[in-house]
Structure formats: C-alpha cells, structure tokens
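Have a look at target.pdb; it's PDB, C-alpha atoms:
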```pdb
ATOM      1  CA  MET A   1     -93.150  29.782-241.204  1.00  0.00           C
ATOM      2  CA  ALA A   2     -90.943  27.225-242.963  1.00  0.00           C
ATOM      3  CA  SER A   3     -91.818  24.492-240.491  1.00  0.00           C
ATOM      4  CA  THR A   4     -95.545  25.213-240.885  1.00  0.00           C
ATOM      5  CA  ALA A   5     -95.234  25.085-244.677  1.00  0.00           C
ATOM      6  CA  GLY A   6     -93.258  21.845-244.364  1.00  0.00           C
ATOM      7  CA  TYR A   7     -95.898  20.300-242.123  1.00  0.00           C
ATOM      8  CA  ILE A   8     -98.687  21.259-244.512  1.00  0.00           C
ATOM      9  CA  VAL A   9     -96.814  19.880-247.526  1.00  0.00           C
ATOM     10  CA  SER A  10     -95.724  16.650-245.807  1.00  0.00           C
ATOM     11  CA  THR A  11     -99.108  15.796-244.344  1.00  0.00           C
ATOM     12  CA  SER A  12    -100.979  16.496-247.569  1.00  0.00           C
ATOM     13  CA  CYS A  13     -98.779  14.179-249.649  1.00  0.00           C
ATOM     14  CA  LYS A  14    -100.183  10.649-249.573  1.00  0.00           C
ATOM     15  CA  HIS A  15     -97.604   9.232-251.986  1.00  0.00           C
ATOM     16  CA  ILE A  16     -94.122  10.249-250.925  1.00  0.00           C
ATOM     17  CA  ILE A  17     -92.651  10.418-254.426  1.00  0.00           C
ATOM     18  CA  ASP A  18     -95.362  11.441-256.877  1.00  0.00           C
ATOM     19  CA  ASP A  19     -97.612  13.793-254.891  1.00  0.00           C
ATOM     20  CA  GLN A  20     -97.275  17.503-255.477  1.00  0.00           C
ATOM     21  CA  HIS A  21     -98.365  20.457-253.394  1.00  0.00           C
ATOM     22  CA  TRP A  22     -98.590  24.032-254.637  1.00  0.00           C
ATOM     23  CA  LEU A  23     -97.058  25.359-251.424  1.00  0.00           C
ATOM     24  CA  SER A  24     -93.714  23.635-252.023  1.00  0.00           C
ATOM     25  CA  SER A  25     -93.040  25.474-255.288  1.00  0.00           C
ATOM     26  CA  ALA A  26     -94.465  28.742-253.949  1.00  0.00           C
ATOM     27  CA  TYR A  27     -92.356  28.565-250.795  1.00  0.00           C
ATOM     28  CA  THR A  28     -89.111  27.871-252.648  1.00  0.00           C
ATOM     29  CA  GLN A  29     -89.742  30.923-254.833  1.00  0.00           C
ATOM     30  CA  PHE A  30     -90.441  32.982-251.714  1.00  0.00           C
ATOM     31  CA  ALA A  31     -87.263  31.716-250.035  1.00  0.00           C
ATOM     32  CA  VAL A  32     -84.805  32.933-252.691  1.00  0.00           C
ATOM     33  CA  PRO A  33     -85.364  36.677-252.146  1.00  0.00           C
ATOM     34  CA  TYR A  34     -85.449  36.034-248.400  1.00  0.00           C
ATOM     35  CA  PHE A  35     -82.009  34.401-248.409  1.00  0.00           C
ATOM     36  CA  ILE A  36     -80.547  37.226-250.495  1.00  0.00           C
ATOM     37  CA  TYR A  37     -82.114  39.818-248.189  1.00  0.00           C
ATOM     38  CA  ASP A  38     -80.875  37.936-245.119  1.00  0.00           C
ATOM     39  CA  ILE A  39     -77.257  38.003-246.328  1.00  0.00           C
ATOM     40  CA  TYR A  40     -77.573  41.746-246.924  1.00  0.00           C
ATOM     41  CA  ALA A  41     -79.266  42.369-243.552  1.00  0.00           C
ATOM     42  CA  MET A  42     -76.586  40.397-241.684  1.00  0.00           C
ATOM     43  CA  PHE A  43     -73.897  42.414-243.477  1.00  0.00           C
ATOM     44  CA  LEU A  44     -75.603  45.689-242.535  1.00  0.00           C
ATOM     45  CA  CYS A  45     -75.742  44.600-238.873  1.00  0.00           C
ATOM     46  CA  HIS A  46     -72.069  43.732-239.028  1.00  0.00           C
ATOM     47  CA  TRP A  47     -71.240  47.015-240.753  1.00  0.00           C
ATOM     48  CA  HIS A  48     -73.184  49.148-238.251  1.00  0.00           C
ATOM     49  CA  LYS A  49     -71.623  47.266-235.361  1.00  0.00           C
ATOM     50  CA  HIS A  50     -68.223  48.348-236.622  1.00  0.00           C
ATOM     51  CA  GLN A  51     -69.344  51.965-236.989  1.00  0.00           C
ATOM     52  CA  VAL A  52     -70.234  52.216-233.294  1.00  0.00           C
ATOM     53  CA  LYS A  53     -67.426  53.362-231.030  1.00  0.00           C
ATOM     54  CA  GLY A  54     -65.988  50.537-228.971  1.00  0.00           C
ATOM     55  CA  HIS A  55     -67.185  47.785-231.280  1.00  0.00           C
ATOM     56  CA  GLY A  56     -64.533  48.025-233.967  1.00  0.00           C
ATOM     57  CA  GLY A  57     -62.962  44.665-233.331  1.00  0.00           C
ATOM     58  CA  ASP A  58     -63.752  41.334-231.800  1.00  0.00           C
ATOM     59  CA  ASP A  59     -61.017  41.910-229.223  1.00  0.00           C
ATOM     60  CA  GLY A  60     -62.969  44.804-227.684  1.00  0.00           C
ATOM     61  CA  VAL A  61     -60.507  47.494-228.751  1.00  0.00           C
ATOM     62  CA  ALA A  62     -62.122  50.564-230.314  1.00  0.00           C
ATOM     63  CA  ARG A  63     -61.015  51.221-233.880  1.00  0.00           C
ATOM     64  CA  ALA A  64     -61.819  53.791-236.500  1.00  0.00           C
ATOM     65  CA  PRO A  65     -64.377  52.623-239.045  1.00  0.00           C
ATOM     66  CA  GLY A  66     -62.647  50.737-241.850  1.00  0.00           C
ATOM     67  CA  SER A  67     -63.348  50.590-245.537  1.00  0.00           C
ATOM     68  CA  THR A  68     -66.368  48.708-246.809  1.00  0.00           C
ATOM     69  CA  TRP A  69     -64.104  46.015-248.266  1.00  0.00           C
ATOM     70  CA  ALA A  70     -62.336  45.523-244.942  1.00  0.00           C
ATOM     71  CA  ILE A  71     -65.667  45.266-243.144  1.00  0.00           C
ATOM     72  CA  ALA A  72     -66.952  42.832-245.814  1.00  0.00           C
ATOM     73  CA  ARG A  73     -63.846  40.660-245.366  1.00  0.00           C
ATOM     74  CA  GLY A  74     -64.383  40.691-241.601  1.00  0.00           C
ATOM     75  CA  TYR A  75     -68.034  39.790-242.094  1.00  0.00           C
ATOM     76  CA  LEU A  76     -67.169  36.872-244.380  1.00  0.00           C
ATOM     77  CA  HIS A  77     -64.491  35.731-241.944  1.00  0.00           C
ATOM     78  CA  LYS A  78     -66.887  35.823-239.000  1.00  0.00           C
ATOM     79  CA  GLU A  79     -70.039  34.532-240.721  1.00  0.00           C
ATOM     80  CA  PHE A  80     -68.556  32.337-243.454  1.00  0.00           C
ATOM     81  CA  LEU A  81     -70.685  29.251-242.785  1.00  0.00           C
ATOM     82  CA  MET A  82     -73.911  31.255-242.601  1.00  0.00           C
ATOM     83  CA  VAL A  83     -73.143  33.049-245.870  1.00  0.00           C
ATOM     84  CA  LEU A  84     -72.137  29.737-247.464  1.00  0.00           C
ATOM     85  CA  HIS A  85     -75.411  28.171-246.308  1.00  0.00           C
ATOM     86  CA  HIS A  86     -77.480  31.020-247.728  1.00  0.00           C
ATOM     87  CA  ALA A  87     -75.525  31.074-251.000  1.00  0.00           C
ATOM     88  CA  ALA A  88     -75.853  27.298-251.402  1.00  0.00           C
ATOM     89  CA  MET A  89     -79.594  27.516-250.834  1.00  0.00           C
ATOM     90  CA  VAL A  90     -79.926  30.136-253.598  1.00  0.00           C
ATOM     91  CA  LEU A  91     -77.343  28.832-256.056  1.00  0.00           C
ATOM     92  CA  VAL A  92     -77.723  25.055-255.607  1.00  0.00           C
ATOM     93  CA  CYS A  93     -80.899  24.017-253.791  1.00  0.00           C
ATOM     94  CA  PHE A  94     -83.306  26.358-255.559  1.00  0.00           C
ATOM     95  CA  PRO A  95     -82.258  25.335-259.092  1.00  0.00           C
ATOM     96  CA  LEU A  96     -82.338  21.676-258.042  1.00  0.00           C
ATOM     97  CA  SER A  97     -85.815  21.982-256.585  1.00  0.00           C
ATOM     98  CA  VAL A  98     -87.181  23.802-259.631  1.00  0.00           C
ATOM     99  CA  VAL A  99     -85.395  22.120-262.540  1.00  0.00           C
ATOM    100  CA  TRP A 100     -84.288  18.695-261.384  1.00  0.00           C
ATOM    101  CA  GLN A 101     -87.193  17.866-259.080  1.00  0.00           C
ATOM    102  CA  GLN A 102     -89.764  17.970-261.911  1.00  0.00           C
ATOM    103  CA  GLY A 103     -92.730  17.899-259.561  1.00  0.00           C
ATOM    104  CA  LYS A 104     -91.610  14.872-257.562  1.00  0.00           C
ATOM    105  CA  GLY A 105     -90.563  14.608-253.960  1.00  0.00           C
ATOM    106  CA  ASP A 106     -92.532  17.501-252.471  1.00  0.00           C
ATOM    107  CA  PHE A 107     -93.002  15.312-249.417  1.00  0.00           C
ATOM    108  CA  PHE A 108     -89.240  15.258-248.726  1.00  0.00           C
ATOM    109  CA  LEU A 109     -88.989  19.008-249.230  1.00  0.00           C
ATOM    110  CA  GLY A 110     -91.718  19.383-246.605  1.00  0.00           C
ATOM    111  CA  CYS A 111     -89.786  17.160-244.191  1.00  0.00           C
ATOM    112  CA  MET A 112     -86.654  19.261-244.654  1.00  0.00           C
ATOM    113  CA  LEU A 113     -88.623  22.448-244.033  1.00  0.00           C
ATOM    114  CA  MET A 114     -90.000  21.025-240.778  1.00  0.00           C
ATOM    115  CA  ALA A 115     -86.454  20.950-239.370  1.00  0.00           C
ATOM    116  CA  GLU A 116     -86.508  24.774-239.384  1.00  0.00           C
ATOM    117  CA  VAL A 117     -88.592  24.703-236.191  1.00  0.00           C
ATOM    118  CA  SER A 118     -85.340  25.080-234.232  1.00  0.00           C
ATOM    119  CA  THR A 119     -84.374  28.401-235.877  1.00  0.00           C
ATOM    120  CA  PRO A 120     -86.228  30.749-233.464  1.00  0.00           C
ATOM    121  CA  PHE A 121     -84.507  29.124-230.490  1.00  0.00           C
ATOM    122  CA  VAL A 122     -81.075  29.527-232.084  1.00  0.00           C
ATOM    123  CA  CYS A 123     -81.832  33.216-232.714  1.00  0.00           C
ATOM    124  CA  LEU A 124     -83.092  33.632-229.157  1.00  0.00           C
ATOM    125  CA  GLY A 125     -79.843  32.101-227.901  1.00  0.00           C
ATOM    126  CA  LYS A 126     -77.804  34.685-229.836  1.00  0.00           C
ATOM    127  CA  ILE A 127     -79.936  37.505-228.421  1.00  0.00           C
ATOM    128  CA  LEU A 128     -79.602  36.189-224.871  1.00  0.00           C
ATOM    129  CA  ILE A 129     -75.824  35.969-225.268  1.00  0.00           C
ATOM    130  CA  GLN A 130     -75.730  39.659-226.218  1.00  0.00           C
ATOM    131  CA  VAL A 131     -78.143  40.764-223.483  1.00  0.00           C
ATOM    132  CA  SER A 132     -76.924  38.726-220.555  1.00  0.00           C
ATOM    133  CA  GLU A 133     -73.480  37.850-219.345  1.00  0.00           C
ATOM    134  CA  HIS A 134     -74.873  35.386-216.812  1.00  0.00           C
ATOM    135  CA  GLY A 135     -75.527  31.806-217.878  1.00  0.00           C
ATOM    136  CA  ARG A 136     -78.736  31.490-215.831  1.00  0.00           C
ATOM    137  CA  VAL A 137     -80.759  33.495-218.335  1.00  0.00           C
ATOM    138  CA  ARG A 138     -79.596  31.347-221.236  1.00  0.00           C
ATOM    139  CA  GLU A 139     -80.049  27.956-219.545  1.00  0.00           C
ATOM    140  CA  PRO A 140     -83.743  27.383-220.403  1.00  0.00           C
ATOM    141  CA  ASN A 141     -83.116  28.161-224.064  1.00  0.00           C
ATOM    142  CA  GLY A 142     -80.062  25.901-224.018  1.00  0.00           C
ATOM    143  CA  GLU A 143     -82.173  23.073-222.662  1.00  0.00           C
ATOM    144  CA  VAL A 144     -84.733  23.535-225.432  1.00  0.00           C
ATOM    145  CA  THR A 145     -82.150  23.667-228.214  1.00  0.00           C
ATOM    146  CA  GLY A 146     -79.570  21.370-226.681  1.00  0.00           C
ATOM    147  CA  ARG A 147     -80.532  18.241-224.810  1.00  0.00           C
ATOM    148  CA  GLY A 148     -84.279  18.413-225.478  1.00  0.00           C
ATOM    149  CA  GLY A 149     -83.451  19.635-228.932  1.00  0.00           C
ATOM    150  CA  THR A 150     -86.157  21.104-231.094  1.00  0.00           C
ATOM    151  CA  PHE A 151     -84.161  19.830-234.061  1.00  0.00           C
ATOM    152  CA  LYS A 152     -84.197  16.327-232.580  1.00  0.00           C
ATOM    153  CA  VAL A 153     -87.919  16.584-231.906  1.00  0.00           C
ATOM    154  CA  ALA A 154     -88.557  17.785-235.441  1.00  0.00           C
ATOM    155  CA  ALA A 155     -86.413  15.028-236.906  1.00  0.00           C
ATOM    156  CA  LYS A 156     -88.105  12.336-234.824  1.00  0.00           C
ATOM    157  CA  GLY A 157     -91.514  13.875-235.471  1.00  0.00           C
ATOM    158  CA  SER A 158     -91.027  13.763-239.216  1.00  0.00           C
ATOM    159  CA  SER A 159     -89.662  10.203-239.244  1.00  0.00           C
ATOM    160  CA  PRO A 160     -93.123   8.572-239.446  1.00  0.00           C
ATOM    161  CA  PHE A 161     -93.575  10.557-242.639  1.00  0.00           C
ATOM    162  CA  VAL A 162     -90.150   9.675-244.040  1.00  0.00           C
ATOM    163  CA  ILE A 163     -90.122   5.987-243.140  1.00  0.00           C
ATOM    164  CA  PRO A 164     -93.465   4.530-244.168  1.00  0.00           C
ATOM    165  CA  PRO A 165     -94.596   1.359-242.434  1.00  0.00           C
ATOM    166  CA  SER A 166     -93.739  -1.800-244.306  1.00  0.00           C
ATOM    167  CA  PRO A 167     -96.658  -3.547-245.984  1.00  0.00           C
ATOM    168  CA  ARG A 168     -97.869  -6.579-244.119  1.00  0.00           C
ATOM    169  CA  ALA A 169     -97.405  -9.906-245.794  1.00  0.00           C
ATOM    170  CA  PHE A 170    -100.641 -11.818-246.211  1.00  0.00           C
TER     171      PHE A 170
END
```
Kindly return the structure encoded in the file as structure tokens.
Amino acid sequence: MASTAGYIVSTSCKHIIDDQHWLSSAYTQFAVPYFIYDIYAMFLCHWHKHQVKGHGGDDGVARAPGSTWAIARGYLHKEFLMVLHHAAMVLVCFPLSVVWQQGKGDFFLGCMLMAEVSTPFVCLGKILIQVSEHGRVREPNGEVTGRGGTFKVAAKGSSPFVIPPSPRAF
C-alpha cells in the first residue's frame, strides 16, 4: 500500500520541490496509528509466544510465564531496532513531514514510500523461517530480496524521478 501511494504521489508531481499531492498528507496521518498499532501487535505476539509451553526462552528451554515487565524487556531486547524504527517514524518523521515540510517535497516522500515494496518479501522470509527448517523453501524468497533485491529495484526504479535529466544547453 505504501509503495502504491508513493508511486502515485511521485508520478503526479511534475515539479519535485513545489508540487503537492493530497495523498502524501493523508498517508502520513494514516501511518501514525498504524505504527503505534504495529508496535503493540508485535508485543502481543511476543507475549503470547512466551505464554506457550516450550517457547519461554530463545534457547528452547521451557519456562514459566514471566511478568509483563520481564516480557517487555525481552521484547525490547529482541526487537529493539524495529521498535526504534517505528518510534522514530511516529516521533520524528511525522512531525517533520507535517510541520517542517510546509507542503514542499511531496515528490521525495513518494520516492521514500516506494522503497516499501520490499516489505512483503521480508515478512514472507520470516514466515518461511518459522515454517520450514530446510533452506530450499526459503531460497526463492532470498533471491527476490537478496541478490535481485526488491529494494534495489525500487531504488533504481525511483532514480529517474529523483535525478531529473539535466537541461540541454542550446
């Protein structure tokens, strides 16, 4: 969804600095509750994982369910970068895009959103790791996200939008 919104915003902006698109402000306002919900949902998954017998620790040893604070500390220890990313998006990027942006640069916001095209493949990789112990099942997804790289494709695909052609000298 983010990559589609980014494509729509980027392709509709003819002037890369001054053009505005309604979808860029609407999407950033939609993203804030999503990021907050996502942190909570990831914590609940972590919490329920530790409530199931045999999944108490990362070392595979079954443990009794701990306190909520202990589980929260374990969650932050395990998913620190993801939580930091989500918190930075809410606490830093959203205020910057609303207050500091002042209606300029929607094109660049669209280009950054287009990079999210790789997210489903990263999620699929995590699911395949949990489902399969054999590397053969994960190899096609690894090829898409790794060497072929949806992120690389998205970055190269958005570069004609980011780097405009130089004007020809007459």
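This file, filtered with the PyMOL selection byres ((chain A and resi 93-103) around 9), gives the residues Asp18, Asp19, Gln20, His21, Ser25, Thr28, Gln29, Ala31, Val32, Ala88, Met89, Val90, Leu91, Val92, Lys104, Gly105, Asp106 and Leu109 of chain A.
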Separation of CA of Lys126 (chain A) from CA of Lys78 (chain A) in Å: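 CA of Lys78 (chain A) sits 14.3 Å away from CA of Lys126 (chain A).
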I'd like the interatomic distance between CA of Phe80 (chain A) and CA of Thr119 (chain A), to a tenth of an Å.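 If I compute the distance from CA of Phe80 (chain A) to CA of Thr119 (chain A), I get 18.0 Å.
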Pull out every residue that the PyMOL selection byres ((chain A and resi 10) around 8) matches in the shown coordinates and put them as an MDAnalysis selection string. chainID A and resid 6:9 11:13 106:111 161
Could you check which of A:Val52, A:Ile129, A:Leu113, A:Ile39 is closest to Glu79 (chain A), using only C-alpha atoms?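 Closest to Glu79 (chain A), using only C-alpha atoms: A:Ile39.
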Go ahead and compute the interatomic distance for CA of Ser24 (chain A) and CA of Ala5 (chain A), in Å to one decimal. 7.6 Å
Enclose all atoms of region 40-50 of chain A listed in the file in an axis-aligned box, grow every side by 5 Å, and hand back centre and edge lengths in Å to one decimal, as lines of an AutoDock Vina configuration file.
```
center_x = -73.7
center_y = 44.8
center_z = -241.1
size_x = 21.0
size_y = 18.8
size_z = 21.6
```
Could you add whatever atoms are missing so that region 75-99 of chain A carries N, CA, C and O atoms, then write the result as a PDB file, keeping the file's coordinate frame?
```
ATOM      1  N   TYR A  75     -66.720  40.437-242.136  1.00  0.00           N
ATOM      2  CA  TYR A  75     -68.034  39.790-242.094  1.00  0.00           C
ATOM      3  C   TYR A  75     -67.954  38.378-242.650  1.00  0.00           C
ATOM      4  O   TYR A  75     -68.468  37.430-242.050  1.00  0.00           O
ATOM      5  N   LEU A  76     -67.298  38.209-243.792  1.00  0.00           N
ATOM      6  CA  LEU A  76     -67.169  36.872-244.380  1.00  0.00           C
ATOM      7  C   LEU A  76     -66.317  35.963-243.504  1.00  0.00           C
ATOM      8  O   LEU A  76     -66.580  34.762-243.413  1.00  0.00           O
ATOM      9  N   HIS A  77     -65.317  36.534-242.846  1.00  0.00           N
ATOM     10  CA  HIS A  77     -64.491  35.731-241.944  1.00  0.00           C
ATOM     11  C   HIS A  77     -65.298  35.259-240.734  1.00  0.00           C
ATOM     12  O   HIS A  77     -65.184  34.108-240.315  1.00  0.00           O
ATOM     13  N   LYS A  78     -66.115  36.151-240.207  1.00  0.00           N
ATOM     14  CA  LYS A  78     -66.887  35.823-239.000  1.00  0.00           C
ATOM     15  C   LYS A  78     -68.105  34.960-239.302  1.00  0.00           C
ATOM     16  O   LYS A  78     -68.442  34.059-238.546  1.00  0.00           O
ATOM     17  N   GLU A  79     -68.784  35.213-240.404  1.00  0.00           N
ATOM     18  CA  GLU A  79     -70.039  34.532-240.721  1.00  0.00           C
ATOM     19  C   GLU A  79     -69.938  33.670-241.983  1.00  0.00           C
ATOM     20  O   GLU A  79     -70.899  33.531-242.717  1.00  0.00           O
ATOM     21  N   PHE A  80     -68.770  33.067-242.210  1.00  0.00           N
ATOM     22  CA  PHE A  80     -68.556  32.337-243.454  1.00  0.00           C
ATOM     23  C   PHE A  80     -69.557  31.200-243.655  1.00  0.00           C
ATOM     24  O   PHE A  80     -70.134  31.043-244.729  1.00  0.00           O
ATOM     25  N   LEU A  81     -69.780  30.392-242.631  1.00  0.00           N
ATOM     26  CA  LEU A  81     -70.685  29.251-242.785  1.00  0.00           C
ATOM     27  C   LEU A  81     -72.124  29.684-243.032  1.00  0.00           C
ATOM     28  O   LEU A  81     -72.843  29.063-243.813  1.00  0.00           O
ATOM     29  N   MET A  82     -72.545  30.769-242.384  1.00  0.00           N
ATOM     30  CA  MET A  82     -73.911  31.255-242.601  1.00  0.00           C
ATOM     31  C   MET A  82     -74.069  31.782-244.026  1.00  0.00           C
ATOM     32  O   MET A  82     -75.076  31.502-244.694  1.00  0.00           O
ATOM     33  N   VAL A  83     -73.085  32.537-244.497  1.00  0.00           N
ATOM     34  CA  VAL A  83     -73.143  33.049-245.870  1.00  0.00           C
ATOM     35  C   VAL A  83     -73.079  31.894-246.862  1.00  0.00           C
ATOM     36  O   VAL A  83     -73.807  31.876-247.859  1.00  0.00           O
ATOM     37  N   LEU A  84     -72.229  30.908-246.589  1.00  0.00           N
ATOM     38  CA  LEU A  84     -72.137  29.737-247.464  1.00  0.00           C
ATOM     39  C   LEU A  84     -73.463  28.988-247.513  1.00  0.00           C
ATOM     40  O   LEU A  84     -73.915  28.576-248.583  1.00  0.00           O
ATOM     41  N   HIS A  85     -74.100  28.831-246.369  1.00  0.00           N
ATOM     42  CA  HIS A  85     -75.411  28.171-246.308  1.00  0.00           C
ATOM     43  C   HIS A  85     -76.436  28.922-247.153  1.00  0.00           C
ATOM     44  O   HIS A  85     -77.151  28.317-247.957  1.00  0.00           O
ATOM     45  N   HIS A  86     -76.507  30.233-246.981  1.00  0.00           N
ATOM     46  CA  HIS A  86     -77.480  31.020-247.728  1.00  0.00           C
ATOM     47  C   HIS A  86     -77.167  30.999-249.227  1.00  0.00           C
ATOM     48  O   HIS A  86     -78.082  30.883-250.052  1.00  0.00           O
ATOM     49  N   ALA A  87     -75.895  31.104-249.586  1.00  0.00           N
ATOM     50  CA  ALA A  87     -75.525  31.074-251.000  1.00  0.00           C
ATOM     51  C   ALA A  87     -75.815  29.709-251.613  1.00  0.00           C
ATOM     52  O   ALA A  87     -76.310  29.623-252.752  1.00  0.00           O
ATOM     53  N   ALA A  88     -75.558  28.642-250.882  1.00  0.00           N
ATOM     54  CA  ALA A  88     -75.853  27.298-251.402  1.00  0.00           C
ATOM     55  C   ALA A  88     -77.353  27.096-251.587  1.00  0.00           C
ATOM     56  O   ALA A  88     -77.777  26.454-252.550  1.00  0.00           O
ATOM     57  N   MET A  89     -78.138  27.641-250.687  1.00  0.00           N
ATOM     58  CA  MET A  89     -79.594  27.516-250.834  1.00  0.00           C
ATOM     59  C   MET A  89     -80.067  28.202-252.113  1.00  0.00           C
ATOM     60  O   MET A  89     -80.929  27.683-252.823  1.00  0.00           O
ATOM     61  N   VAL A  90     -79.509  29.379-252.413  1.00  0.00           N
ATOM     62  CA  VAL A  90     -79.926  30.136-253.598  1.00  0.00           C
ATOM     63  C   VAL A  90     -79.329  29.547-254.870  1.00  0.00           C
ATOM     64  O   VAL A  90     -80.023  29.376-255.871  1.00  0.00           O
ATOM     65  N   LEU A  91     -78.044  29.226-254.836  1.00  0.00           N
ATOM     66  CA  LEU A  91     -77.343  28.832-256.056  1.00  0.00           C
ATOM     67  C   LEU A  91     -77.430  27.342-256.378  1.00  0.00           C
ATOM     68  O   LEU A  91     -77.266  26.953-257.535  1.00  0.00           O
ATOM     69  N   VAL A  92     -77.687  26.497-255.378  1.00  0.00           N
ATOM     70  CA  VAL A  92     -77.723  25.055-255.607  1.00  0.00           C
ATOM     71  C   VAL A  92     -79.116  24.472-255.367  1.00  0.00           C
ATOM     72  O   VAL A  92     -79.704  23.847-256.248  1.00  0.00           O
ATOM     73  N   CYS A  93     -79.644  24.678-254.157  1.00  0.00           N
ATOM     74  CA  CYS A  93     -80.899  24.017-253.791  1.00  0.00           C
ATOM     75  C   CYS A  93     -82.101  24.537-254.579  1.00  0.00           C
ATOM     76  O   CYS A  93     -82.955  23.752-254.967  1.00  0.00           O
ATOM     77  N   PHE A  94     -82.169  25.835-254.795  1.00  0.00           N
ATOM     78  CA  PHE A  94     -83.306  26.358-255.559  1.00  0.00           C
ATOM     79  C   PHE A  94     -83.322  25.835-256.993  1.00  0.00           C
ATOM     80  O   PHE A  94     -84.356  25.321-257.438  1.00  0.00           O
ATOM     81  N   PRO A  95     -82.205  25.909-257.742  1.00  0.00           N
ATOM     82  CA  PRO A  95     -82.258  25.335-259.092  1.00  0.00           C
ATOM     83  C   PRO A  95     -82.566  23.840-259.091  1.00  0.00           C
ATOM     84  O   PRO A  95     -83.293  23.356-259.960  1.00  0.00           O
ATOM     85  N   LEU A  96     -82.032  23.107-258.111  1.00  0.00           N
ATOM     86  CA  LEU A  96     -82.338  21.676-258.042  1.00  0.00           C
ATOM     87  C   LEU A  96     -83.818  21.428-257.798  1.00  0.00           C
ATOM     88  O   LEU A  96     -84.419  20.536-258.404  1.00  0.00           O
ATOM     89  N   SER A  97     -84.406  22.214-256.897  1.00  0.00           N
ATOM     90  CA  SER A  97     -85.815  21.982-256.585  1.00  0.00           C
ATOM     91  C   SER A  97     -86.737  22.397-257.725  1.00  0.00           C
ATOM     92  O   SER A  97     -87.823  21.847-257.872  1.00  0.00           O
ATOM     93  N   VAL A  98     -86.321  23.341-258.537  1.00  0.00           N
ATOM     94  CA  VAL A  98     -87.181  23.802-259.631  1.00  0.00           C
ATOM     95  C   VAL A  98     -86.956  22.980-260.897  1.00  0.00           C
ATOM     96  O   VAL A  98     -87.904  22.525-261.532  1.00  0.00           O
ATOM     97  N   VAL A  99     -85.701  22.768-261.270  1.00  0.00           N
ATOM     98  CA  VAL A  99     -85.395  22.120-262.540  1.00  0.00           C
ATOM     99  C   VAL A  99     -85.334  20.606-262.405  1.00  0.00           C
ATOM    100  O   VAL A  99     -86.003  19.868-263.126  1.00  0.00           O
TER     101      VAL A  99
END
```
